[in-house]
$ cat protein-v4.tsv   # TSV, C-alpha atoms and all ligand atoms
chain	number	residue	atom	x	y	z
A	1	MET	CA	-9.72	-21.21	3.12
A	2	ILE	CA	-7.95	-18.06	1.97
A	3	THR	CA	-5.11	-16.62	4.04
A	4	GLY	CA	-4.88	-12.89	3.34
A	5	GLY	CA	-8.59	-13.20	2.49
A	6	LEU	CA	-9.43	-9.59	3.35
A	7	GLY	CA	-6.69	-8.30	1.06
A	8	PHE	CA	-6.91	-7.20	-2.55
A	9	ILE	CA	-6.50	-10.50	-4.39
A	10	GLY	CA	-7.83	-12.71	-1.57
A	11	SER	CA	-11.15	-10.87	-1.35
A	12	THR	CA	-11.59	-10.95	-5.14
A	13	LEU	CA	-11.02	-14.69	-5.02
A	14	ALA	CA	-13.57	-14.93	-2.19
A	15	TYR	CA	-16.32	-13.37	-4.35
A	16	LYS	CA	-15.57	-15.85	-7.11
A	17	LEU	CA	-15.57	-18.86	-4.77
A	18	VAL	CA	-18.87	-17.82	-3.18
A	19	GLU	CA	-20.34	-17.41	-6.67
A	20	LEU	CA	-19.20	-20.99	-7.38
A	21	GLY	CA	-21.02	-22.19	-4.26
A	22	ALA	CA	-17.97	-22.85	-2.08
A	23	TYR	CA	-17.94	-22.71	1.71
A	24	VAL	CA	-15.22	-20.12	2.32
A	25	THR	CA	-13.15	-19.15	5.36
A	26	LEU	CA	-11.12	-15.94	5.24
A	27	VAL	CA	-8.16	-15.62	7.57
A	28	ASP	CA	-6.49	-12.23	7.85
A	29	SER	CA	-4.59	-10.27	10.49
A	30	LEU	CA	-5.80	-6.84	9.24
A	31	ILE	CA	-2.42	-5.25	10.03
A	32	PRO	CA	-3.03	-1.60	9.00
A	33	GLU	CA	0.05	-1.23	6.78
A	34	TYR	CA	-1.07	-4.13	4.60
A	35	GLY	CA	-3.89	-4.39	2.07
A	36	GLY	CA	-6.56	-6.01	4.27
A	37	ASN	CA	-9.82	-4.06	4.48
A	38	LEU	CA	-13.27	-5.19	5.65
A	39	VAL	CA	-14.81	-3.04	2.91
A	40	ASN	CA	-13.26	-5.51	0.47
A	41	ILE	CA	-15.90	-8.07	1.38
A	42	HIS	CA	-18.97	-5.84	1.31
A	43	GLY	CA	-21.82	-7.96	0.07
A	44	LEU	CA	-20.28	-11.18	1.36
A	45	GLU	CA	-21.51	-10.69	4.94
A	46	GLY	CA	-23.10	-13.92	6.11
A	47	LYS	CA	-21.78	-15.79	3.08
A	48	VAL	CA	-18.20	-16.34	4.28
A	49	ARG	CA	-16.62	-17.11	7.63
A	50	VAL	CA	-14.12	-14.42	8.67
A	51	ASN	CA	-11.41	-15.10	11.22
A	52	ILE	CA	-9.11	-12.25	12.22
A	53	SER	CA	-5.95	-14.23	12.94
A	54	ASP	CA	-2.30	-14.01	12.18
A	55	ILE	CA	-0.68	-16.83	10.21
A	56	ARG	CA	2.27	-16.52	12.62
A	57	ASP	CA	-0.04	-17.89	15.34
A	58	ALA	CA	0.43	-21.64	14.93
A	59	HIS	CA	-2.25	-22.41	17.55
A	60	SER	CA	-4.98	-20.62	15.57
A	61	MET	CA	-3.77	-22.13	12.33
A	62	LYS	CA	-3.94	-25.64	13.75
A	63	TYR	CA	-7.67	-25.14	14.29
A	64	LEU	CA	-8.34	-23.13	11.13
A	65	VAL	CA	-6.72	-25.35	8.47
A	66	GLN	CA	-8.84	-28.35	9.35
A	67	GLY	CA	-11.66	-29.47	7.08
A	68	HIS	CA	-10.78	-27.47	3.97
A	69	THR	CA	-10.34	-28.95	0.49
A	70	TYR	CA	-8.35	-25.99	-0.82
A	71	LEU	CA	-6.05	-23.49	0.84
A	72	PHE	CA	-5.24	-20.36	-1.12
A	73	ASN	CA	-2.21	-19.05	0.70
A	74	LEU	CA	-2.09	-15.33	-0.04
A	75	ALA	CA	-1.19	-13.77	3.32
A	76	GLY	CA	2.00	-11.81	2.97
A	77	GLN	CA	3.95	-8.66	3.63
A	78	THR	CA	4.12	-7.13	0.13
A	79	SER	CA	6.23	-3.97	0.45
A	80	HIS	CA	9.80	-4.17	-0.82
A	81	ILE	CA	10.95	-1.06	1.02
A	82	ASP	CA	9.28	-2.18	4.29
A	83	SER	CA	11.14	-5.49	3.99
A	84	MET	CA	14.42	-3.54	4.01
A	85	ARG	CA	13.37	-1.34	6.94
A	86	SER	CA	11.90	-4.20	8.95
A	87	PRO	CA	13.56	-7.37	7.63
A	88	PHE	CA	12.62	-9.63	10.53
A	89	THR	CA	8.90	-8.91	10.19
A	90	ASP	CA	9.15	-9.91	6.55
A	91	LEU	CA	11.11	-13.01	7.53
A	92	ASP	CA	8.50	-14.01	10.12
A	93	ILE	CA	5.51	-13.61	7.77
A	94	ASN	CA	6.83	-14.53	4.34
A	95	CYS	CA	9.18	-17.30	5.40
A	96	ALA	CA	8.86	-18.73	8.94
A	97	ALA	CA	5.04	-18.57	9.03
A	98	GLN	CA	4.87	-20.29	5.64
A	99	LEU	CA	6.91	-23.22	6.93
A	100	SER	CA	4.78	-23.32	10.06
A	101	LEU	CA	1.55	-23.33	8.01
A	102	LEU	CA	2.83	-26.20	5.87
A	103	GLU	CA	3.79	-28.20	8.95
A	104	THR	CA	0.33	-27.56	10.37
A	105	CYS	CA	-1.32	-28.74	7.15
A	106	ARG	CA	0.90	-31.82	7.02
A	107	THR	CA	-0.25	-32.80	10.49
A	108	TYR	CA	-3.87	-31.64	10.58
A	109	ASN	CA	-5.05	-31.57	6.94
A	110	PRO	CA	-2.68	-33.62	4.74
A	111	ASP	CA	-5.25	-33.91	1.92
A	112	VAL	CA	-5.60	-30.17	1.35
A	113	LYS	CA	-4.47	-28.65	-1.97
A	114	ILE	CA	-2.49	-25.44	-1.48
A	115	VAL	CA	-2.04	-22.65	-4.02
A	116	PHE	CA	0.71	-20.22	-3.01
A	117	ALA	CA	0.91	-16.60	-4.21
A	118	SER	CA	4.56	-16.08	-5.10
A	119	THR	CA	6.05	-13.13	-6.93
A	120	ARG	CA	8.21	-12.19	-9.93
A	121	GLN	CA	10.33	-10.21	-7.42
A	122	ILE	CA	12.28	-13.38	-6.67
A	123	TYR	CA	13.99	-13.27	-10.10
A	124	GLY	CA	15.67	-9.95	-9.30
A	125	LYS	CA	17.14	-8.03	-12.25
A	126	PRO	CA	16.44	-10.22	-15.29
A	127	ASP	CA	19.31	-11.64	-17.36
A	128	TYR	CA	16.95	-11.97	-20.33
A	129	LEU	CA	13.40	-11.10	-21.34
A	130	PRO	CA	10.77	-12.38	-21.26
A	131	VAL	CA	11.56	-14.14	-17.99
A	132	ASP	CA	10.54	-17.80	-17.86
A	133	GLU	CA	10.50	-20.12	-14.84
A	134	LYS	CA	14.01	-21.41	-15.65
A	135	HIS	CA	15.53	-17.97	-15.07
A	136	ILE	CA	17.97	-17.87	-12.15
A	137	LEU	CA	16.49	-16.64	-8.83
A	138	ARG	CA	18.57	-13.74	-7.56
A	139	PRO	CA	16.37	-11.51	-5.38
A	140	VAL	CA	17.39	-7.90	-4.89
A	141	ASP	CA	15.60	-7.32	-1.58
A	142	VAL	CA	14.71	-9.08	1.67
A	143	ASN	CA	11.12	-9.57	0.52
A	144	GLY	CA	12.31	-11.43	-2.58
A	145	ILE	CA	14.50	-13.78	-0.52
A	146	ASN	CA	11.74	-14.59	1.94
A	147	LYS	CA	9.07	-15.08	-0.74
A	148	MET	CA	11.51	-17.36	-2.57
A	149	ALA	CA	12.01	-19.46	0.55
A	150	GLY	CA	8.25	-19.47	1.20
A	151	GLU	CA	7.65	-20.75	-2.31
A	152	TRP	CA	10.29	-23.48	-2.06
A	153	TYR	CA	8.95	-24.74	1.25
A	154	HIS	CA	5.67	-25.31	-0.59
A	155	ILE	CA	7.39	-27.26	-3.37
A	156	LEU	CA	9.47	-29.22	-0.86
A	157	TYR	CA	6.36	-30.29	1.09
A	158	ASN	CA	4.77	-31.42	-2.17
A	159	ASP	CA	7.83	-33.46	-3.17
A	160	VAL	CA	8.71	-34.95	0.22
A	161	TYR	CA	5.37	-35.22	2.04
A	162	ASN	CA	2.87	-35.46	-0.84
A	163	LEU	CA	1.10	-32.36	0.44
A	164	ARG	CA	-0.31	-31.09	-2.87
A	165	THR	CA	0.98	-27.59	-3.57
A	166	CYS	CA	1.44	-25.26	-6.52
A	167	SER	CA	3.05	-21.83	-6.75
A	168	LEU	CA	2.06	-18.94	-9.00
A	169	ARG	CA	4.60	-16.16	-9.54
A	170	LEU	CA	2.45	-13.07	-9.88
A	171	THR	CA	3.57	-9.95	-11.67
A	172	ASN	CA	2.07	-6.45	-11.02
A	173	THR	CA	-1.54	-7.21	-10.26
A	174	TYR	CA	-4.16	-4.46	-10.26
A	175	GLY	CA	-7.91	-3.99	-10.06
A	176	PRO	CA	-10.75	-2.97	-7.75
A	177	ARG	CA	-9.91	-3.32	-4.01
A	178	MET	CA	-6.17	-2.88	-4.45
A	179	ARG	CA	-4.33	-0.79	-1.85
A	180	ILE	CA	-4.22	2.80	-3.12
A	181	ARG	CA	-3.35	4.59	0.14
A	182	ASP	CA	0.36	4.37	-0.72
A	183	ALA	CA	2.77	2.47	-2.97
A	184	ARG	CA	3.19	-0.47	-0.58
A	185	GLN	CA	1.43	-2.93	-2.90
A	186	THR	CA	2.34	-1.43	-6.28
A	187	PHE	CA	3.15	2.03	-7.69
A	188	LEU	CA	-0.14	1.84	-9.63
A	189	GLY	CA	-2.00	2.21	-6.32
A	190	ILE	CA	-0.61	5.62	-5.45
A	191	TRP	CA	-0.94	6.73	-9.07
A	192	ILE	CA	-4.65	5.92	-9.00
A	193	ARG	CA	-5.17	7.69	-5.69
A	194	LEU	CA	-3.45	10.91	-6.81
A	195	LEU	CA	-5.24	10.85	-10.15
A	196	LEU	CA	-8.63	10.58	-8.46
A	197	GLU	CA	-7.68	13.35	-6.04
A	198	GLY	CA	-6.94	15.58	-9.05
A	199	LYS	CA	-3.19	15.71	-8.31
A	200	PRO	CA	-0.33	14.88	-10.67
A	201	PHE	CA	1.35	11.53	-9.93
A	202	GLU	CA	5.09	10.84	-10.24
A	203	VAL	CA	6.66	8.50	-12.78
A	204	TRP	CA	10.18	7.52	-11.72
A	205	GLY	CA	12.38	6.94	-14.76
A	206	GLY	CA	9.80	6.04	-17.39
A	207	ASN	CA	11.40	3.61	-19.81
A	208	GLN	CA	11.27	0.54	-17.53
A	209	LEU	CA	9.25	-2.29	-19.06
A	210	ARG	CA	6.44	-3.88	-17.08
A	211	ASP	CA	3.57	-6.31	-17.52
A	212	TYR	CA	0.29	-6.25	-15.61
A	213	THR	CA	-2.30	-8.85	-14.67
A	214	TYR	CA	-5.89	-7.84	-13.99
A	215	VAL	CA	-7.02	-9.29	-10.68
A	216	GLY	CA	-9.85	-11.31	-12.28
A	217	ASP	CA	-7.30	-13.03	-14.50
A	218	ALA	CA	-5.06	-13.77	-11.49
A	219	VAL	CA	-8.05	-15.31	-9.69
A	220	ASP	CA	-8.80	-17.50	-12.73
A	221	ALA	CA	-5.22	-18.79	-12.63
A	222	MET	CA	-5.59	-19.64	-8.93
A	223	LEU	CA	-8.75	-21.64	-9.57
A	224	LEU	CA	-7.17	-23.54	-12.46
A	225	ALA	CA	-4.10	-24.31	-10.34
A	226	ALA	CA	-6.30	-25.50	-7.46
A	227	GLU	CA	-8.34	-27.84	-9.64
A	228	SER	CA	-5.55	-29.33	-11.68
A	229	LYS	CA	-3.68	-32.43	-10.48
A	230	SER	CA	-1.01	-31.80	-13.11
A	231	ALA	CA	-0.22	-28.48	-11.39
A	232	ASP	CA	0.87	-30.25	-8.19
A	233	GLY	CA	4.48	-29.44	-7.31
A	234	LYS	CA	4.74	-26.94	-10.17
A	235	ILE	CA	5.64	-23.27	-10.41
A	236	PHE	CA	4.03	-21.01	-13.00
A	237	ASN	CA	4.59	-17.40	-14.02
A	238	LEU	CA	1.58	-15.19	-14.59
A	239	GLY	CA	1.92	-12.28	-16.98
A	240	GLY	CA	0.20	-9.56	-18.91
A	241	GLU	CA	-1.45	-9.26	-22.31
A	242	ARG	CA	1.24	-6.80	-23.48
A	243	VAL	CA	4.42	-5.11	-22.35
A	244	TYR	CA	4.32	-1.40	-21.44
A	245	THR	CA	6.94	1.17	-20.50
A	246	LEU	CA	6.11	3.10	-17.33
A	247	LEU	CA	5.45	6.18	-19.46
A	248	GLU	CA	2.98	4.24	-21.62
A	249	THR	CA	1.36	2.87	-18.49
A	250	ALA	CA	0.93	6.38	-17.09
A	251	GLN	CA	-0.61	7.56	-20.34
A	252	VAL	CA	-3.02	4.58	-20.48
A	253	LEU	CA	-4.10	5.40	-16.93
A	254	VAL	CA	-4.74	9.06	-17.75
A	255	ASP	CA	-6.62	8.05	-20.92
A	256	ALA	CA	-8.70	5.52	-18.98
A	257	ASN	CA	-9.66	8.29	-16.55
A	258	GLY	CA	-10.38	10.87	-19.24
A	259	ASP	CA	-8.09	13.46	-17.64
A	260	GLY	CA	-5.17	13.88	-15.24
A	261	SER	CA	-1.43	14.50	-15.41
A	262	PHE	CA	1.89	13.12	-14.28
A	263	ILE	CA	5.44	14.35	-13.67
A	264	VAL	CA	8.50	12.40	-14.77
A	265	LYS	CA	11.25	12.27	-12.12
A	266	GLU	CA	14.62	10.65	-11.70
A	267	PHE	CA	14.49	7.28	-9.95
A	268	PRO	CA	15.18	7.91	-6.20
A	269	LYS	CA	18.59	6.62	-5.07
A	270	GLU	CA	17.21	4.74	-2.04
A	271	MET	CA	14.88	2.74	-4.32
A	272	LYS	CA	17.33	2.23	-7.20
A	273	LYS	CA	19.34	-0.38	-5.32
A	274	ILE	CA	16.32	-2.66	-4.96
A	275	ASP	CA	14.74	-1.93	-8.34
A	276	ILE	CA	14.56	-4.84	-10.78
A	277	GLY	CA	14.86	-2.71	-13.93
A	278	ASP	CA	12.93	-4.08	-16.92
A	279	TYR	CA	10.67	-7.06	-16.36
A	280	TYR	CA	8.04	-8.97	-18.22
A	281	SER	CA	7.26	-12.61	-17.99
A	282	ASP	CA	6.89	-15.56	-20.28
A	283	TYR	CA	3.63	-17.21	-19.16
A	284	GLY	CA	3.81	-19.94	-21.83
A	285	SER	CA	4.12	-22.68	-19.24
A	286	ILE	CA	0.75	-22.07	-17.53
A	287	GLN	CA	-0.82	-21.42	-20.93
A	288	ARG	CA	0.30	-24.83	-22.21
A	289	GLU	CA	-0.42	-26.79	-19.03
A	290	LEU	CA	-3.57	-25.17	-17.66
A	291	GLY	CA	-4.85	-23.14	-20.61
A	292	TRP	CA	-4.51	-19.81	-18.76
A	293	ARG	CA	-3.78	-16.50	-20.41
A	294	PRO	CA	-4.43	-12.90	-19.35
A	295	LYS	CA	-7.67	-11.76	-20.96
A	296	LYS	CA	-8.23	-8.21	-19.79
A	297	ASN	CA	-6.27	-5.45	-21.51
A	298	LEU	CA	-4.72	-2.71	-19.38
A	299	CYS	CA	-6.99	0.14	-20.48
A	300	ASP	CA	-10.22	-1.81	-19.83
A	301	GLY	CA	-8.87	-3.12	-16.53
A	302	LEU	CA	-7.90	0.37	-15.38
A	303	LYS	CA	-11.31	1.72	-16.39
A	304	GLU	CA	-12.97	-0.87	-14.14
A	305	THR	CA	-10.53	-0.10	-11.36
A	306	LEU	CA	-11.16	3.65	-11.59
A	307	ARG	CA	-14.93	3.09	-11.70
A	308	TYR	CA	-14.69	1.16	-8.42
A	309	PHE	CA	-12.49	3.70	-6.66
A	310	LYS	CA	-14.52	6.71	-7.79
A	311	ARG	CA	-17.32	5.18	-5.73
A	312	GLU	CA	-15.27	3.79	-2.86
A	313	ILE	CA	-12.23	6.05	-2.47
A	314	LYS	CA	-13.24	7.22	1.02
A	315	ASN	CA	-12.85	3.65	2.27
A	316	TYR	CA	-9.33	3.25	0.89
A	317	VAL	CA	-7.41	6.43	1.79
B	1	LIG	N1	-0.58	-7.40	-5.89
B	1	LIG	C1	0.52	-7.74	-6.55
B	1	LIG	O1	0.91	-7.05	-7.51
B	1	LIG	C2	1.29	-8.99	-6.19
B	1	LIG	C3	2.42	-9.32	-6.95
B	1	LIG	C4	3.15	-10.44	-6.61
B	1	LIG	C5	2.77	-11.24	-5.54
B	1	LIG	N2	1.68	-10.91	-4.81
B	1	LIG	C6	1.35	-11.78	-3.67
B	1	LIG	O2	-0.03	-12.04	-3.60
B	1	LIG	C7	-0.45	-12.12	-2.24
B	1	LIG	C8	-1.67	-11.24	-2.03
B	1	LIG	O3	-1.28	-9.91	-2.31
B	1	LIG	P1	-2.27	-8.69	-2.40
B	1	LIG	O4	-1.82	-7.87	-3.55
B	1	LIG	O5	-3.68	-9.15	-2.33
B	1	LIG	O6	-1.84	-7.89	-1.10
B	1	LIG	P2	-2.71	-7.49	0.18
B	1	LIG	O7	-1.79	-6.78	1.11
B	1	LIG	O8	-3.95	-6.78	-0.23
B	1	LIG	O9	-3.10	-8.91	0.75
B	1	LIG	C9	-2.33	-9.59	1.67
B	1	LIG	C10	-3.20	-9.85	2.87
B	1	LIG	O10	-2.45	-10.64	3.78
B	1	LIG	C11	-2.78	-10.18	5.07
B	1	LIG	N3	-1.67	-10.54	5.96
B	1	LIG	C12	-0.41	-10.03	5.97
B	1	LIG	N4	0.29	-10.58	6.94
B	1	LIG	C13	-0.52	-11.46	7.56
B	1	LIG	C14	-0.34	-12.35	8.65
B	1	LIG	N5	0.80	-12.40	9.30
B	1	LIG	N6	-1.39	-13.12	9.02
B	1	LIG	C15	-2.58	-13.05	8.38
B	1	LIG	N7	-2.80	-12.21	7.34
B	1	LIG	C16	-1.77	-11.44	6.94
B	1	LIG	C17	-2.93	-8.68	4.94
B	1	LIG	O11	-3.69	-8.13	6.00
B	1	LIG	C18	-3.61	-8.56	3.61
B	1	LIG	O12	-5.02	-8.53	3.73
B	1	LIG	C19	0.74	-11.74	-1.38
B	1	LIG	O13	1.31	-12.89	-0.83
B	1	LIG	C20	1.70	-11.09	-2.35
B	1	LIG	O14	3.05	-11.29	-2.00
B	1	LIG	C21	0.93	-9.80	-5.11

$ encode --input "protein-v4.tsv" --output "structure tokens"
Amino acid sequence: MITGGLGFIGSTLAYKLVELGAYVTLVDSLIPEYGGNLVNIHGLEGKVRVNISDIRDAHSMKYLVQGHTYLFNLAGQTSHIDSMRSPFTDLDINCAAQLSLLETCRTYNPDVKIVFASTRQIYGKPDYLPVDEKHILRPVDVNGINKMAGEWYHILYNDVYNLRTCSLRLTNTYGPRMRIRDARQTFLGIWIRLLLEGKPFEVWGGNQLRDYTYVGDAVDAMLLAAESKSADGKIFNLGGERVYTLLETAQVLVDANGDGSFIVKEFPKEMKKIDIGDYYSDYGSIQRELGWRPKKNLCDGLKETLRYFKREIKNYV
């Protein structure tokens, strides 16, 4: 079962699981502001079970969690700015519903293995780089606080109730099927949209350091975490093959497309307060324990992403 299964990462995971011969159930609320999109599962019709439900609905979840070996828990509100404008929605989805889902699993499917999609946002502004899992958690926005709590409920249920869980702290993840309508998922989304529409995109600041994970690599990490007993109760950072400044990232994107342009602007004041500054992660822990590392370089990953959206843009804007 994949919560958030019609979203960007969830649907990519669904293709992989179907390819591996799994019986897959996708649960998604399809709230328009989030990344869920039925186009994301084109080609999987008849091969997966789709249930349009909200993880906040404990009654549906009670029925849905039963009978699954693995639960990939990816449903979430992902926008940092939306979490500040509508903090209680973020609280309900990223925190309260996570606790409710864990309680439901404890009662109705205690043998399930859960992989939770956490985020590097929970570290806040890093004290040092690269950021490893021992770095203090000091979120700078409501989303970070709720995702942090959601993650720790998972670890608590592993430690106290033997419900097997593992959390992956994702960094900027990109690839085909990402949300490009706006910047709600990541700034790369709106950059890609504007580039394909032949308009210049905006780079705010430019010297901030970032790392990026191609969605196929993120999915590989989820499968490794699901399969591995030694991952139970653990938290792992994911990361990128290299560190890029935003300006370098913009240039790689333009190069991957063959043409396009961008404008450098000052970082907007409203966003500055919740910006994490420079970030890149140390993913040594998952590399040592599960043998994972990011394989796809940014330019190749962006080329694949652009190839997909050149074909499909009408379904994503
Ligand atoms: N994409 C990234 O860069 C990134 C980085 C860090 C963490 N993550 C985490 O990975 C997970 C998946 O993210 P994504 O990038 O695929 O985003 P996404 O928005 O494409 O996927 C999330 C999915 O969850 C669904 N959803 C939201 N609220 C729901 C609810 N109440 N009930 C049922 N479904 C609900 C949405 O409809 C959407 O399809 C999220 O939990 C996110 O916090 C993503």

$ closest_residue --input "protein-v4.tsv" --among "A:Gly144, A:Pro139, A:Pro87, A:Pro294" --to "ligand LIG 1 (chain B)" --atoms "only C-alpha atoms and all ligand atoms"
A:Gly144

$ residues_around --input "protein-v4.tsv" --residues "stretch 108-123 of chain A" --least-positions-apart "3" --cutoff "6 Å" --atoms "only C-alpha atoms" --output "JSON, numbers by chain"
{"A": [66, 69, 70, 71, 72, 73, 74, 104, 105, 137, 138, 139, 144, 148, 163, 164, 165, 166, 167, 168, 169, 170, 171]}

$ atom_distance --input "protein-v4.tsv" --atom1 "atom CA of A:Arg293" --atom2 "atom CA of A:Ala218"
9.4 Å

$ residues_around --input "protein-v4.tsv" --residues "A:Tyr174" --least-positions-apart "2" --cutoff "7 Å" --atoms "all atoms listed in the file" --output "PyMOL selection string"
chain A and resi 172+178+213-215

$ closest_residue --input "protein-v4.tsv" --among "A:Asp217, A:Glu19, A:Glu248, A:Asp54" --to "ligand LIG 1 (chain B)" --atoms "all atoms listed in the file"
A:Asp54

$ residues_around --input "protein-v4.tsv" --residues "A:Ser83" --least-positions-apart "2" --cutoff "12 Å" --atoms "all atoms listed in the file" --output "MDAnalysis selection string"
chainID A and resid 76:81 85:94 140:147 184 274

$ residues_around --input "protein-v4.tsv" --residues "A:Phe309" --least-positions-apart "3" --cutoff "8 Å" --atoms "only C-alpha atoms" --output "MDAnalysis selection string"
chainID A and resid 176:177 305:306 312:313

$ residues_near_point --input "protein-v4.tsv" --point "(-9.9, -16.1, -5.5)" --cutoff "10 Å" --atoms "only C-alpha atoms" --output "ChimeraX atom specification"
/A:2,5,8-18,72,74,215-223

$ closest_residue --input "protein-v4.tsv" --among "A:Ser53, A:Gln98, A:Asn40, A:Asn237" --to "A:Ile155" --atoms "all atoms listed in the file"
A:Gln98

$ closest_residue --input "protein-v4.tsv" --among "A:Asp82, A:Glu241, A:Glu133, A:Glu151" --to "A:Leu99" --atoms "all atoms listed in the file"
A:Glu151

$ atom_distance --input "protein-v4.tsv" --atom1 "atom CA of A:Asn158" --atom2 "atom CA of A:Arg106"
10.0 Å

$ atom_distance --input "protein-v4.tsv" --atom1 "atom CA of A:Asn315" --atom2 "atom CA of A:Leu238"
29.1 Å

$ axis_aligned_box --input "protein-v4.tsv" --around "stretch 122-133 of chain A" --padding-each-side "8 Å" --output "AutoDock Vina command-line options"
--center_x 14.9 --center_y -14.1 --center_z -14.0 --size_x 24.8 --size_y 28.1 --size_z 30.7

$ build_atoms --input "protein-v4.tsv" --residues "stretch 294-306 of chain A" --atoms "N, CA, C and O atoms" --output "compact mmCIF listing (two decimals), in the coordinates of the input"
# COMPACT_ATOMS: atom_id res chain seq x y z
N PRO A 294 -3.77 -14.12 -19.82
CA PRO A 294 -4.43 -12.90 -19.35
C PRO A 294 -5.41 -12.41 -20.40
O PRO A 294 -5.05 -12.31 -21.58
N LYS A 295 -6.64 -12.12 -19.98
CA LYS A 295 -7.67 -11.76 -20.96
C LYS A 295 -7.93 -10.27 -21.01
O LYS A 295 -8.26 -9.72 -22.04
N LYS A 296 -7.82 -9.63 -19.88
CA LYS A 296 -8.23 -8.21 -19.79
C LYS A 296 -7.08 -7.30 -20.23
O LYS A 296 -5.97 -7.43 -19.72
N ASN A 297 -7.35 -6.38 -21.16
CA ASN A 297 -6.27 -5.45 -21.51
C ASN A 297 -6.19 -4.32 -20.48
O ASN A 297 -7.14 -4.06 -19.74
N LEU A 298 -5.02 -3.67 -20.44
CA LEU A 298 -4.72 -2.71 -19.38
C LEU A 298 -5.73 -1.57 -19.33
O LEU A 298 -6.21 -1.20 -18.25
N CYS A 299 -6.09 -1.02 -20.48
CA CYS A 299 -6.99 0.14 -20.48
C CYS A 299 -8.36 -0.25 -19.90
O CYS A 299 -8.89 0.45 -19.03
N ASP A 300 -8.91 -1.39 -20.35
CA ASP A 300 -10.22 -1.81 -19.83
C ASP A 300 -10.13 -2.12 -18.33
O ASP A 300 -11.03 -1.78 -17.56
N GLY A 301 -9.03 -2.77 -17.94
CA GLY A 301 -8.87 -3.12 -16.53
C GLY A 301 -8.76 -1.87 -15.66
O GLY A 301 -9.35 -1.79 -14.57
N LEU A 302 -8.04 -0.88 -16.16
CA LEU A 302 -7.90 0.37 -15.38
C LEU A 302 -9.22 1.12 -15.33
O LEU A 302 -9.55 1.73 -14.31
N LYS A 303 -9.99 1.05 -16.42
CA LYS A 303 -11.31 1.72 -16.39
C LYS A 303 -12.18 1.11 -15.30
O LYS A 303 -12.83 1.82 -14.54
N GLU A 304 -12.17 -0.21 -15.19
CA GLU A 304 -12.97 -0.87 -14.14
C GLU A 304 -12.47 -0.51 -12.75
O GLU A 304 -13.24 -0.30 -11.82
N THR A 305 -11.14 -0.44 -12.64
CA THR A 305 -10.53 -0.10 -11.36
C THR A 305 -10.93 1.32 -10.95
O THR A 305 -11.33 1.57 -9.79
N LEU A 306 -10.83 2.25 -11.89
CA LEU A 306 -11.16 3.65 -11.59
C LEU A 306 -12.65 3.79 -11.25
O LEU A 306 -13.02 4.54 -10.34
